[in-house]
Each structure stands twice: as structure tokens, then as C-alpha cells.
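One file, model08.txt, is given below (compact mmCIF, C-alpha atoms and all ligand atoms).
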# COMPACT_ATOMS: atom_id res chain seq x y z
CA MET A 1 -17.31 20.64 7.03
CA TRP A 2 -15.76 17.23 7.57
CA PRO A 3 -17.40 15.06 10.23
CA ASP A 4 -14.06 14.66 12.04
CA TYR A 5 -10.83 16.71 12.04
CA ARG A 6 -8.64 14.46 14.17
CA ILE A 7 -6.39 13.37 11.30
CA GLN A 8 -6.14 16.84 9.75
CA ASP A 9 -5.12 18.22 13.16
CA LEU A 10 -2.68 15.39 13.85
CA LEU A 11 -0.94 15.44 10.48
CA GLY A 12 -1.35 19.09 9.51
CA ILE A 13 -3.25 18.42 6.28
CA GLU A 14 -6.30 20.04 4.70
CA HIS A 15 -8.26 17.01 3.48
CA PRO A 16 -8.51 13.69 5.36
CA ILE A 17 -7.26 11.85 2.27
CA ILE A 18 -4.02 9.89 2.30
CA GLN A 19 -2.62 8.68 -1.00
CA ALA A 20 -1.54 5.15 -0.17
CA PRO A 21 2.17 4.45 -0.43
CA MET A 22 2.49 1.98 -3.31
CA ALA A 23 5.90 0.37 -3.70
CA GLY A 24 6.92 0.31 -7.34
CA ALA A 25 3.86 2.33 -8.39
CA GLY A 26 4.51 5.89 -7.29
CA ALA A 27 7.32 8.25 -6.34
CA SER A 28 8.06 11.95 -5.83
CA GLU A 29 5.74 13.32 -8.56
CA MET A 30 2.72 11.63 -6.95
CA VAL A 31 3.68 12.76 -3.43
CA ILE A 32 4.17 16.39 -4.48
CA ALA A 33 0.89 16.51 -6.41
CA VAL A 34 -1.20 15.04 -3.58
CA SER A 35 0.40 17.03 -0.75
CA GLU A 36 0.13 20.28 -2.73
CA ALA A 37 -3.58 19.52 -3.27
CA GLY A 38 -4.11 19.30 0.50
CA GLY A 39 -4.03 15.53 0.94
CA LEU A 40 -1.12 13.52 2.36
CA GLY A 41 1.29 12.30 -0.32
CA SER A 42 3.15 9.10 0.58
CA LEU A 43 6.56 7.96 -0.64
CA PRO A 44 6.87 4.14 -0.64
CA CYS A 45 10.47 3.16 0.12
CA ALA A 46 10.32 -0.67 0.24
CA MET A 47 11.67 -1.06 -3.28
CA LEU A 48 14.07 1.90 -3.24
CA SER A 49 17.76 1.88 -2.35
CA PRO A 50 18.91 4.40 0.28
CA ASP A 51 20.35 6.54 -2.53
CA GLN A 52 17.05 6.53 -4.35
CA VAL A 53 15.20 7.48 -1.15
CA ARG A 54 17.61 10.37 -0.66
CA THR A 55 17.06 11.57 -4.24
CA GLU A 56 13.27 11.31 -4.03
CA LEU A 57 13.11 13.10 -0.67
CA GLY A 58 15.44 15.82 -1.95
CA ILE A 59 13.09 16.46 -4.91
CA ILE A 60 10.01 16.42 -2.69
CA ARG A 61 11.43 18.81 -0.10
CA GLN A 62 12.41 21.22 -2.88
CA ARG A 63 8.95 21.28 -4.44
CA THR A 64 6.54 21.20 -1.52
CA ALA A 65 6.61 22.52 2.03
CA ARG A 66 3.46 20.55 2.89
CA PRO A 67 3.49 17.47 5.16
CA ILE A 68 4.49 14.16 3.56
CA ASN A 69 4.45 10.51 4.57
CA VAL A 70 7.40 8.16 4.07
CA ASN A 71 6.55 4.45 4.14
CA PHE A 72 8.53 1.28 4.89
CA PHE A 73 7.96 -2.46 5.12
CA CYS A 74 8.75 -4.19 8.42
CA HIS A 75 8.80 -7.87 7.44
CA ARG A 76 11.27 -10.26 9.01
CA PRO A 77 14.19 -10.79 6.61
CA PRO A 78 13.63 -14.20 4.97
CA GLN A 79 15.62 -17.31 5.84
CA ALA A 80 17.25 -18.81 2.73
CA ASP A 81 15.68 -22.21 2.00
CA PRO A 82 17.47 -23.72 -1.02
CA ALA A 83 15.16 -26.78 -1.24
CA ARG A 84 12.05 -24.62 -1.35
CA MET A 85 13.59 -22.27 -3.88
CA ALA A 86 14.55 -25.24 -6.06
CA ALA A 87 10.96 -26.55 -5.95
CA TRP A 88 9.65 -23.08 -6.80
CA LYS A 89 12.02 -22.73 -9.74
CA GLN A 90 11.01 -26.16 -10.95
CA ARG A 91 7.36 -25.06 -10.90
CA LEU A 92 8.30 -21.99 -12.94
CA GLU A 93 10.60 -23.86 -15.34
CA PRO A 94 8.00 -24.36 -18.12
CA TYR A 95 7.66 -20.56 -18.33
CA TYR A 96 11.44 -20.10 -18.51
CA VAL A 97 11.57 -22.64 -21.34
CA GLU A 98 8.59 -21.13 -23.17
CA LEU A 99 10.20 -17.68 -23.07
CA GLY A 100 13.65 -18.93 -24.10
CA LEU A 101 15.28 -18.32 -20.70
CA ASP A 102 17.81 -20.50 -18.87
CA PRO A 103 16.19 -21.94 -15.71
CA LYS A 104 19.67 -22.79 -14.37
CA ALA A 105 20.79 -19.14 -14.39
CA PRO A 106 21.32 -17.63 -10.92
CA THR A 107 18.12 -16.35 -9.32
CA PRO A 108 18.03 -12.54 -9.15
CA GLU A 109 17.90 -11.01 -5.68
CA ALA A 110 14.50 -10.00 -4.33
CA THR A 111 14.07 -6.23 -4.16
CA ARG A 112 11.93 -5.51 -1.12
CA ALA A 113 13.92 -4.68 2.01
CA PRO A 114 12.68 -4.08 5.58
CA PHE A 115 13.25 -0.79 7.44
CA ASP A 116 16.74 -0.63 8.97
CA GLY A 117 19.31 1.73 10.48
CA THR A 118 20.28 3.20 7.11
CA MET A 119 16.70 4.11 6.24
CA CYS A 120 16.23 5.41 9.79
CA ALA A 121 19.16 7.78 9.30
CA LEU A 122 17.42 9.13 6.17
CA VAL A 123 14.26 9.72 8.22
CA GLU A 124 16.41 11.61 10.76
CA GLU A 125 17.97 13.67 7.98
CA PHE A 126 14.78 14.61 6.10
CA THR A 127 12.34 14.56 9.07
CA PRO A 128 9.14 13.70 7.17
CA GLU A 129 6.06 14.78 9.13
CA VAL A 130 4.61 11.25 8.94
CA VAL A 131 6.23 7.81 8.79
CA SER A 132 4.06 4.78 8.08
CA PHE A 133 4.83 1.09 8.29
CA HIS A 134 3.38 -2.05 6.71
CA PHE A 135 3.74 -5.61 8.20
CA GLY A 136 4.05 -4.34 11.79
CA LEU A 137 6.57 -1.98 13.35
CA PRO A 138 10.38 -1.88 13.47
CA GLU A 139 12.14 -2.96 16.66
CA ARG A 140 11.74 -0.52 19.55
CA GLY A 141 15.19 1.11 19.23
CA LEU A 142 14.55 2.09 15.62
CA LEU A 143 10.95 3.12 16.34
CA GLY A 144 12.20 5.34 19.18
CA ARG A 145 14.63 7.06 16.80
CA VAL A 146 11.81 7.73 14.31
CA LYS A 147 9.59 9.10 17.07
CA ALA A 148 12.39 11.33 18.31
CA THR A 149 12.32 13.13 14.94
CA GLY A 150 8.78 14.28 15.76
CA ALA A 151 7.21 12.20 12.97
CA LYS A 152 3.70 10.90 13.54
CA ILE A 153 3.62 7.12 13.26
CA LEU A 154 0.99 5.21 11.28
CA CYS A 155 0.78 1.49 10.59
CA SER A 156 -1.64 -0.88 8.85
CA ALA A 157 -3.77 -3.29 10.89
CA THR A 158 -5.86 -6.04 9.34
CA SER A 159 -7.61 -7.11 12.55
CA VAL A 160 -8.71 -5.69 15.90
CA ASP A 161 -5.86 -7.55 17.64
CA GLU A 162 -3.30 -5.93 15.37
CA ALA A 163 -4.88 -2.49 15.91
CA ARG A 164 -4.71 -2.89 19.71
CA TRP A 165 -1.09 -4.06 19.47
CA LEU A 166 -0.13 -1.04 17.36
CA GLU A 167 -1.81 1.37 19.75
CA ARG A 168 0.06 -0.20 22.70
CA GLU A 169 3.35 0.21 20.80
CA GLY A 170 2.69 3.93 20.36
CA CYS A 171 1.15 4.44 16.90
CA ASP A 172 -0.47 7.86 16.53
CA ALA A 173 -3.18 6.56 14.17
CA ILE A 174 -4.10 3.19 12.74
CA ILE A 175 -4.80 2.29 9.14
CA ALA A 176 -7.57 -0.34 9.16
CA GLN A 177 -6.89 -2.28 5.96
CA GLY A 178 -9.84 -4.37 4.82
CA ALA A 179 -9.73 -7.42 2.59
CA GLU A 180 -10.79 -5.39 -0.46
CA ALA A 181 -7.47 -3.52 -0.50
CA GLY A 182 -5.02 -3.75 -3.36
CA GLY A 183 -1.43 -4.88 -2.77
CA HIS A 184 -0.02 -6.76 0.21
CA ARG A 185 -2.06 -7.50 3.31
CA GLY A 186 -0.43 -5.61 6.16
CA VAL A 187 -1.01 -8.68 8.33
CA PHE A 188 1.68 -9.32 10.98
CA LEU A 189 0.23 -11.13 14.02
CA SER A 190 -1.11 -14.07 12.03
CA GLU A 191 -0.28 -15.91 8.84
CA ASP A 192 -3.91 -16.71 8.17
CA ILE A 193 -5.49 -14.45 5.58
CA SER A 194 -8.62 -16.54 5.19
CA THR A 195 -10.10 -14.75 8.19
CA GLN A 196 -9.33 -11.15 7.19
CA PRO A 197 -12.42 -8.95 7.57
CA GLY A 198 -13.58 -6.55 4.86
CA THR A 199 -13.37 -2.78 5.36
CA MET A 200 -17.08 -2.45 6.26
CA ALA A 201 -16.75 -4.90 9.14
CA LEU A 202 -13.20 -4.04 10.24
CA VAL A 203 -13.34 -0.24 10.53
CA PRO A 204 -16.08 0.13 13.18
CA GLN A 205 -14.63 -2.71 15.26
CA VAL A 206 -11.19 -1.09 15.21
CA VAL A 207 -12.77 2.31 16.02
CA ASP A 208 -14.40 0.72 19.08
CA ALA A 209 -11.17 -0.98 20.17
CA VAL A 210 -8.66 1.91 20.08
CA ARG A 211 -8.57 5.54 21.17
CA VAL A 212 -6.29 6.85 18.41
CA PRO A 213 -7.88 7.96 15.10
CA VAL A 214 -8.55 5.28 12.51
CA ILE A 215 -7.86 5.59 8.79
CA ALA A 216 -10.00 3.33 6.58
CA ALA A 217 -8.32 1.56 3.65
CA GLY A 218 -9.49 -0.98 1.09
CA GLY A 219 -11.99 -0.62 -1.73
CA ILE A 220 -12.45 3.14 -1.26
CA ALA A 221 -12.24 4.88 -4.63
CA ASP A 222 -14.79 7.68 -4.73
CA ALA A 223 -16.85 10.05 -2.57
CA ARG A 224 -19.38 7.33 -1.73
CA GLY A 225 -16.64 5.19 -0.19
CA ILE A 226 -15.17 8.13 1.74
CA VAL A 227 -18.58 9.08 3.17
CA ALA A 228 -19.11 5.44 4.16
CA ALA A 229 -15.72 5.36 5.90
CA PHE A 230 -16.69 8.40 8.00
CA ALA A 231 -20.07 6.83 8.78
CA LEU A 232 -18.18 3.79 10.12
CA GLY A 233 -16.23 6.02 12.49
CA ALA A 234 -13.02 6.51 10.50
CA SER A 235 -11.29 9.90 10.70
CA ALA A 236 -9.68 9.66 7.24
CA VAL A 237 -9.17 7.33 4.29
CA GLN A 238 -6.09 5.85 2.65
CA ILE A 239 -6.67 5.28 -1.06
CA GLY A 240 -4.37 3.25 -3.30
CA THR A 241 -5.86 1.72 -6.43
CA ALA A 242 -7.72 4.89 -7.50
CA TYR A 243 -4.34 6.71 -7.64
CA LEU A 244 -2.92 4.07 -10.01
CA PHE A 245 -5.00 5.69 -12.78
CA CYS A 246 -3.12 8.99 -12.41
CA GLN A 247 -0.39 9.96 -14.85
CA GLU A 248 2.00 10.22 -11.86
CA ALA A 249 1.70 6.47 -11.19
CA THR A 250 4.89 4.70 -12.27
CA ILE A 251 3.23 1.45 -13.34
CA GLY A 252 3.95 -0.16 -16.72
CA PRO A 253 1.64 -0.22 -19.73
CA ALA A 254 0.43 -3.79 -19.08
CA HIS A 255 -0.73 -2.83 -15.57
CA ARG A 256 -2.41 0.34 -16.83
CA THR A 257 -4.24 -1.52 -19.59
CA ALA A 258 -5.39 -4.28 -17.24
CA LEU A 259 -6.71 -1.73 -14.72
CA ALA A 260 -8.66 0.10 -17.42
CA SER A 261 -10.87 -2.92 -18.05
CA ALA A 262 -10.93 -4.35 -14.50
CA LYS A 263 -14.30 -5.39 -13.14
CA ASP A 264 -15.44 -6.02 -9.57
CA ASN A 265 -14.39 -9.68 -9.75
CA ALA A 266 -11.05 -9.18 -11.52
CA THR A 267 -8.78 -9.58 -8.47
CA ALA A 268 -7.65 -12.37 -6.15
CA LEU A 269 -5.48 -12.71 -3.07
CA THR A 270 -2.32 -14.42 -4.20
CA ASN A 271 1.14 -15.26 -2.86
CA VAL A 272 2.73 -16.36 -6.14
CA LEU A 273 4.02 -12.91 -7.11
CA THR A 274 6.12 -12.23 -4.00
CA GLY A 275 5.57 -14.99 -1.41
CA ARG A 276 3.18 -12.93 0.71
CA PRO A 277 -0.55 -12.63 0.17
CA ALA A 278 -1.49 -9.59 -1.86
CA ARG A 279 -4.44 -8.56 -4.01
CA SER A 280 -3.68 -8.50 -7.73
CA LEU A 281 -5.62 -8.59 -10.96
CA VAL A 282 -5.68 -12.23 -12.01
CA ASN A 283 -3.08 -12.84 -14.73
CA ARG A 284 -1.61 -16.03 -16.15
CA LEU A 285 0.82 -16.71 -13.28
CA VAL A 286 -1.88 -16.17 -10.63
CA ARG A 287 -4.34 -18.34 -12.55
CA GLU A 288 -2.01 -21.22 -13.39
CA VAL A 289 0.27 -21.38 -10.33
CA GLY A 290 -1.99 -19.85 -7.66
CA PRO A 291 -3.77 -17.94 -6.49
CA MET A 292 -2.14 -19.40 -3.35
CA SER A 293 0.74 -21.87 -3.65
CA GLU A 294 2.54 -23.73 -0.88
CA LEU A 295 5.60 -23.79 -3.11
CA ALA A 296 6.11 -20.03 -3.07
CA PRO A 297 9.21 -19.19 -0.96
CA GLU A 298 9.09 -16.74 1.89
CA PHE A 299 8.47 -13.05 1.05
CA PRO A 300 10.04 -11.48 -0.92
CA LEU A 301 12.13 -14.37 -2.30
CA ALA A 302 9.37 -15.76 -4.54
CA ALA A 303 9.57 -12.60 -6.66
CA GLY A 304 13.25 -13.15 -7.47
CA ALA A 305 12.58 -16.37 -9.38
CA VAL A 306 9.64 -14.82 -11.24
CA ALA A 307 11.69 -11.73 -12.22
CA PRO A 308 13.32 -13.10 -15.42
CA VAL A 309 10.05 -14.39 -16.91
CA ARG A 310 8.30 -11.21 -15.87
CA ALA A 311 10.94 -9.04 -17.56
CA LYS A 312 10.87 -11.09 -20.78
CA ALA A 313 7.07 -11.04 -20.94
CA GLU A 314 6.90 -7.32 -20.17
CA ALA A 315 9.39 -6.58 -22.96
CA ALA A 316 6.86 -8.20 -25.31
CA GLY A 317 4.03 -6.09 -23.85
CA SER A 318 2.55 -8.82 -21.64
CA GLY A 319 1.54 -8.59 -17.97
CA ASP A 320 1.23 -12.38 -17.63
CA PHE A 321 3.87 -12.51 -14.84
CA THR A 322 3.69 -8.92 -13.51
CA PRO A 323 2.27 -8.03 -10.09
CA LEU A 324 -0.88 -6.23 -11.23
CA TRP A 325 -1.76 -4.97 -7.76
CA SER A 326 -5.32 -3.74 -7.52
CA GLY A 327 -8.10 -3.46 -5.00
CA GLN A 328 -11.67 -4.55 -5.62
CA ALA A 329 -12.89 -1.06 -6.60
CA ALA A 330 -10.62 -0.56 -9.62
CA SER A 331 -13.50 0.03 -11.99
CA LEU A 332 -14.31 3.25 -10.08
CA GLY A 333 -10.92 4.71 -11.03
CA ARG A 334 -10.64 7.90 -13.09
CA ALA A 335 -7.63 8.94 -15.16
CA LEU A 336 -6.99 12.35 -13.59
CA PRO A 337 -3.77 14.00 -12.44
CA ALA A 338 -3.17 13.08 -8.77
CA GLY A 339 -3.71 16.62 -7.46
CA GLU A 340 -6.98 16.94 -9.40
CA LEU A 341 -8.15 13.56 -8.11
CA THR A 342 -7.41 14.57 -4.51
CA LYS A 343 -9.31 17.85 -4.86
CA GLN A 344 -12.25 16.22 -6.63
CA LEU A 345 -12.51 13.47 -4.03
CA ALA A 346 -12.56 16.09 -1.27
CA GLU A 347 -15.12 18.33 -3.02
CA GLU A 348 -17.39 15.46 -4.02
CA THR A 349 -17.29 14.02 -0.50
CA LEU A 350 -18.15 17.34 1.12
CA ALA A 351 -21.03 17.80 -1.35
CA ARG A 352 -22.34 14.31 -0.64
CA LEU A 353 -22.08 14.81 3.12
CA GLN A 354 -24.02 18.06 2.76
CA HIS A 355 -26.69 16.27 0.77
CA LEU A 356 -27.01 13.62 3.50
CA ARG A 357 -27.64 16.23 6.22
CA PRO A 358 -31.23 16.81 7.27
CA GLN A 359 -32.74 19.72 5.29
CA ALA A 360 -32.90 21.93 8.38
CA LEU A 361 -29.11 21.72 8.93
CA ARG A 362 -28.02 22.47 5.37
C1 LIG B 1 0.05 -1.02 -6.20
C2 LIG B 1 -0.05 -1.08 -4.70
C3 LIG B 1 1.13 -1.09 -3.95
C4 LIG B 1 1.05 -1.02 -2.55
N1 LIG B 1 2.23 -0.92 -1.84
C5 LIG B 1 2.15 -0.60 -0.52
C6 LIG B 1 3.33 -0.17 0.17
O1 LIG B 1 4.43 -0.10 -0.39
N2 LIG B 1 3.20 0.14 1.48
C7 LIG B 1 1.99 0.12 2.13
O2 LIG B 1 1.94 0.44 3.33
N3 LIG B 1 0.87 -0.28 1.49
C8 LIG B 1 0.92 -0.60 0.18
N4 LIG B 1 -0.23 -0.92 -0.50
C9 LIG B 1 -1.50 -1.03 0.24
C10 LIG B 1 -2.14 0.35 0.46
O3 LIG B 1 -1.46 1.02 1.52
C11 LIG B 1 -3.63 0.30 0.85
O4 LIG B 1 -3.84 -0.54 1.96
C12 LIG B 1 -4.53 -0.14 -0.30
O5 LIG B 1 -4.12 0.42 -1.51
C13 LIG B 1 -5.97 0.29 -0.01
O6 LIG B 1 -6.86 -0.35 -0.86
P1 LIG B 1 -7.29 0.19 -2.32
O7 LIG B 1 -6.15 -0.17 -3.21
O8 LIG B 1 -8.53 -0.56 -2.61
O9 LIG B 1 -7.48 1.68 -2.23
C14 LIG B 1 -0.20 -1.03 -1.89
C15 LIG B 1 -1.37 -1.07 -2.67
C16 LIG B 1 -1.31 -1.07 -4.05
C17 LIG B 1 -2.60 -1.07 -4.84

Is it possible to give me this structure as C-alpha cells?
Ligand SMILES: Cc1cc2nc3c(=O)[nH]c(=O)nc-3n(C[C@H](O)[C@H](O)[C@H](O)COP(=O)(O)O)c2cc1C
Amino acid sequence: MWPDYRIQDLLGIEHPIIQAPMAGAGASEMVIAVSEAGGLGSLPCAMLSPDQVRTELGIIRQRTARPINVNFFCHRPPQADPARMAAWKQRLEPYYVELGLDPKAPTPEATRAPFDGTMCALVEEFTPEVVSFHFGLPERGLLGRVKATGAKILCSATSVDEARWLEREGCDAIIAQGAEAGGHRGVFLSEDISTQPGTMALVPQVVDAVRVPVIAAGGIADARGIVAAFALGASAVQIGTAYLFCQEATIGPAHRTALASAKDNATALTNVLTGRPARSLVNRLVREVGPMSELAPEFPLAAGAVAPVRAKAEAAGSGDFTPLWSGQAASLGRALPAGELTKQLAEETLARLQHLRPQALR
């Protein structure tokens, strides 16, 4: 028995395990595997075009009838700032030169787009059971359209204030994302990441502050972490980094290799990869230009200028300029198929919970 069934009942899933949406790192194969195994598979759409979203959702709906989550970013579209971009490109110029690239070539467009009317129409067409957002919520008109489809709404909060705000705006459950988490901070009420609490401190405070169920995220990678999340009052977990080890993850070889040897202290919060603070394994760009740089243009523009050096380095097998997103618990990862991982996490957690019960109740 799970200690709490609120999320299973709300989302119609068997295990209270949500595979984190991971833009650029997972697509339909991962979603199908996790949802078929009884967890909640999540399709990250922030780096997909509307056509790609349509294709992925078409594949998913053909191959599983189980509930799925579709995820979007809700950042404000960036204001172009040519002076800042010029300073950023100047900072990156030595890398362009070293790799034989022309620093004067036009900067490629950044590839992360916020949720909009076109994506909303796709939600209306495919009616995913769950829609989750990162960096706050879309404007009320769009949110109302998503709600009208019957989808349950989830969103990341990195503080108690953000959790309260999301509950007021009508979220059905809140993902409490602690500082340990891999990828971008979901922060949206503040720019200050120096104050972000860790999962252990954040989850119980969010649980006390809101009435909706809370999903713990950040640094959870095995049964011990899931049991701890329940002990803190969470009703489910959202796990990202541990799923990067699965064959269904769409990460490149450099990322996979770096994760395989990652230790507890291998990551840092950095803004040099996209312009917004995110947790990545420390590579050459993070080490030499960051981890935080005031020169980095607004999210996601910083990534556009890094893209050519990243592509050239990756072609030579190097992850020196690649976003190597990872949480702090990467070394707990296991290279299993995503469905197997979901089932094992559930079984191992239930066994551990049983073991923790007083003898008389077993
Ligand atoms: C590679 C990667 C990409 C991510 N991309 C997204 C995303 O597109 N949308 C989102 O809501 N969260 C994203 N996240 C954050 C996760 O939702 C979650 O908060 C995090 O993975 C939890 O911490 P963990 O990685 O330690 O399990 C990403 C995380 C990783 C590791």
C-alpha cells in the first residue's frame, strides 16, 4: 500500500511516479514506456515545433490508452537586446576561433518557445489527461482553454510563495522542485536563485501551505528518495535525472558518458547554457564562462550564440559546450528501460515502506 493515493486518484495512474518532462531529452518512446508501466509519462514540448508535437502525440495515442502528461514552458518571450548579445558573442569568440567558426555569422535562433494558442489548440485536439507547466502558468484565457479540455493542471514551484500562487490560480497539484533538481529552475516569482530551498526543506513547507497534493522533485532517484518524499508529506514524486539513463532518453553520447561517471559534486547551477539558471554537469563552458555570468542574454537567447560551438564540439564527440542537465543524485542512476525502471522504483519503494512499518502491522 502507498501512504497516500491522492495523485493516483487525481491522475488515474497506478504508481505515484511521474517521469519528469525533459525538453530535448525524451519523447514518445519514454512516455509510452512509463505510462504503460503504471507511472505518468510526460512529453516535453518546449523544444518541439507544433508539427513535432502533433506527430509525437499521434504516436503516443496509438500505442497507449493510459494517462499522459504534456508539458510546456511559460517564460516571457525575451526582449531583443543587441548590445547584450554582442557582448555575449564577444565572450564566446575565442571558442568560435578555436573551433574554426566565423563569429560574425548570424546567430541561430533560440529553440525554446513558451506555450501559445497554437500549442493550446493541440492540447484541445489530443486532450492529454494532464498538462504541466514550468516557469509559471500561461495567461488566464489560455489556461481556461486547457482546463476546459478536462486536463488536470500541474506546475513547478520552487518556493512556498510560488506554491500558494499556483494554488490560487487553480493548479490541481503542485510540483515542489528543490534545488537539487536537474535542468531549469521552475522559478517565476523571483529572479533570485541563491535562496532556493532544497527538496528536504521545501516539500513539507509547501505541504503545510497548500491544500492540493504536492509532488516532490529534485534529487530523487531511488526507493529511498521516494520513501523520504512521502515521509515529508508529498503524494507523489517527479523524477528526471534517473530517467536519463534509460535507452529511451534522447540525449547524445557526450551527455550519456558524462552522466555515467557523475559524482555527488559534479553539477552546478548555471545560466551560461541558456540564459536561465539550470543545473548541469560542469563542463568547459560552465567552468570557464560561468557558472553564472551577467553577460548571458535573456532566456533562451544565450543558447543561440552557443549553438554553433556546441554543434562543432559535439561532432567531434565533446560535451564541452552541451547542456549536460543533471540533478545532484545522478550517481544513483541505473541503465534500465524506462518501463522497467518505473516498475522497479514502485516495487522497491513498497518493499521499503513495508520494512519501515512496525512489526505488528506488517
Ligand atoms: C534533462 C532535463 C530536462 C528538463 N526539462 C524540463 C522540461 O522541459 N520541463 C519541465 O517542467 N521540467 C524540466 N526539467 C526539470 C524536471 O521537471 C524536474 O524538476 C527535475 O528533473 C527533478 O530533479 P531530478 O533531475 O534530480 O530528478 C528537466 C530536468 C532535466 C534533468

Taking a cut-off of 9 Å and counting all atoms listed in the file, can you build a table that, for each residue of segment 202-296 of chain A near segment 145-159 of chain A, reports the nearest atom pair and how far apart they are in Å (one decimal), sorted by chain then residue number, as JSON lines?
{"residue": "A:Leu202", "atom": "CA", "partner": "A:Ser159", "partner_atom": "CA", "distance": 6.8}
{"residue": "A:Gln205", "atom": "CA", "partner": "A:Ser159", "partner_atom": "CA", "distance": 8.7}
{"residue": "A:Val206", "atom": "CA", "partner": "A:Ser159", "partner_atom": "CA", "distance": 7.5}
{"residue": "A:Ile215", "atom": "CA", "partner": "A:Ser156", "partner_atom": "CA", "distance": 9.0}
{"residue": "A:Ala217", "atom": "CA", "partner": "A:Ser156", "partner_atom": "CA", "distance": 8.8}

* Residues within 8 Å of ligand LIG 1 (chain B), counting all atoms listed in the file: report them as a ChimeraX atom specification. => /A:20-25,44-47,71-73,132-135,155-156,175,177-178,180-186,217-221,238-242,244,279,324-330

* Glu125 of chain A surroundings by all atoms listed in the file, 10 Å radius, close-in-sequence under 5 positions cut, as a PyMOL selection string -> chain A and resi 54+57+119-120+149

Go ahead and dump the residues you just picked, C-alpha atoms, as an mmCIF file, in the coordinates of the input.
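Below is the file that was written, result_7.cif:
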data_model
loop_
_atom_site.group_PDB
_atom_site.id
_atom_site.type_symbol
_atom_site.label_atom_id
_atom_site.label_comp_id
_atom_site.auth_asym_id
_atom_site.auth_seq_id
_atom_site.Cartn_x
_atom_site.Cartn_y
_atom_site.Cartn_z
ATOM 1 C CA ARG A 54 17.610 10.370 -0.660
ATOM 2 C CA LEU A 57 13.110 13.100 -0.670
ATOM 3 C CA MET A 119 16.700 4.110 6.240
ATOM 4 C CA CYS A 120 16.230 5.410 9.790
ATOM 5 C CA THR A 149 12.320 13.130 14.940
#

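As for atom CA of Asp208 of chain A and atom CA of Ile68 of chain A, they are spaced 27.9 Å apart.
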
* **Between atom CA of Ala236 of chain A and atom CA of Ile7 of chain A, distance in Å (one decimal)** =>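 Rounded to one decimal, the two atoms are 6.4 Å apart.
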
* Near Glu56 of chain A, counting only C-alpha atoms, which residues have an atom at most 12 Å away, once you skip same-chain residues fewer than 3 positions from it, shown as a count of residues only? -> 26

* Proximity to Ala83 of chain A - best of A:Cys246, A:Thr349, A:Leu295, A:Gly38, all atoms listed in the file -> A:Leu295

* **Test item: which residues lie within 10 Å of (19.1, -3.4, 10.9) counting only C-alpha atoms, as a ChimeraX atom specification** => /A:77,114-120,138-139,142

* Just the residues within 8 Å of Thr270 of chain A, please, counting only C-alpha atoms, with nothing from its chain fewer than 3 positions along; format it as a list in words. =>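 Using only C-alpha atoms, the neighbours found are Leu273, Arg276, Pro277, Ala278, Arg279, Ser280, Val286, Gly290, Pro291 and Met292 of chain A.
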
* Closest to Ala113 of chain A among A:Gly333, A:Gly233, A:Pro78, A:Pro253, using only C-alpha atoms? ->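 Checking each of A:Gly333, A:Gly233, A:Pro78, A:Pro253 against Ala113 of chain A, counting only C-alpha atoms, the winner is A:Pro78.
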
* May I ask which of the residues A:Val212, A:Leu281, A:Val97, A:Val272 is the closest one to Ala296 of chain A, counting all atoms listed in the file? =>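 Of A:Val212, A:Leu281, A:Val97, A:Val272, the one nearest Ala296 of chain A is A:Val272, counting all atoms listed in the file.
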
* Which residue, A:Ala302, A:Leu341, A:Ala228, A:Ser331, has the smallest gap to Asp81 of chain A when you use only C-alpha atoms? ->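 The shortest atom-to-atom distance to Asp81 of chain A comes from A:Ala302.
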
* Tell me which of A:Ile226, A:Ala338, A:Met200, A:Val210 sits closest to Phe245 of chain A, counting all atoms listed in the file. =>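 For Phe245 of chain A, the nearest of the given residues is A:Ala338.
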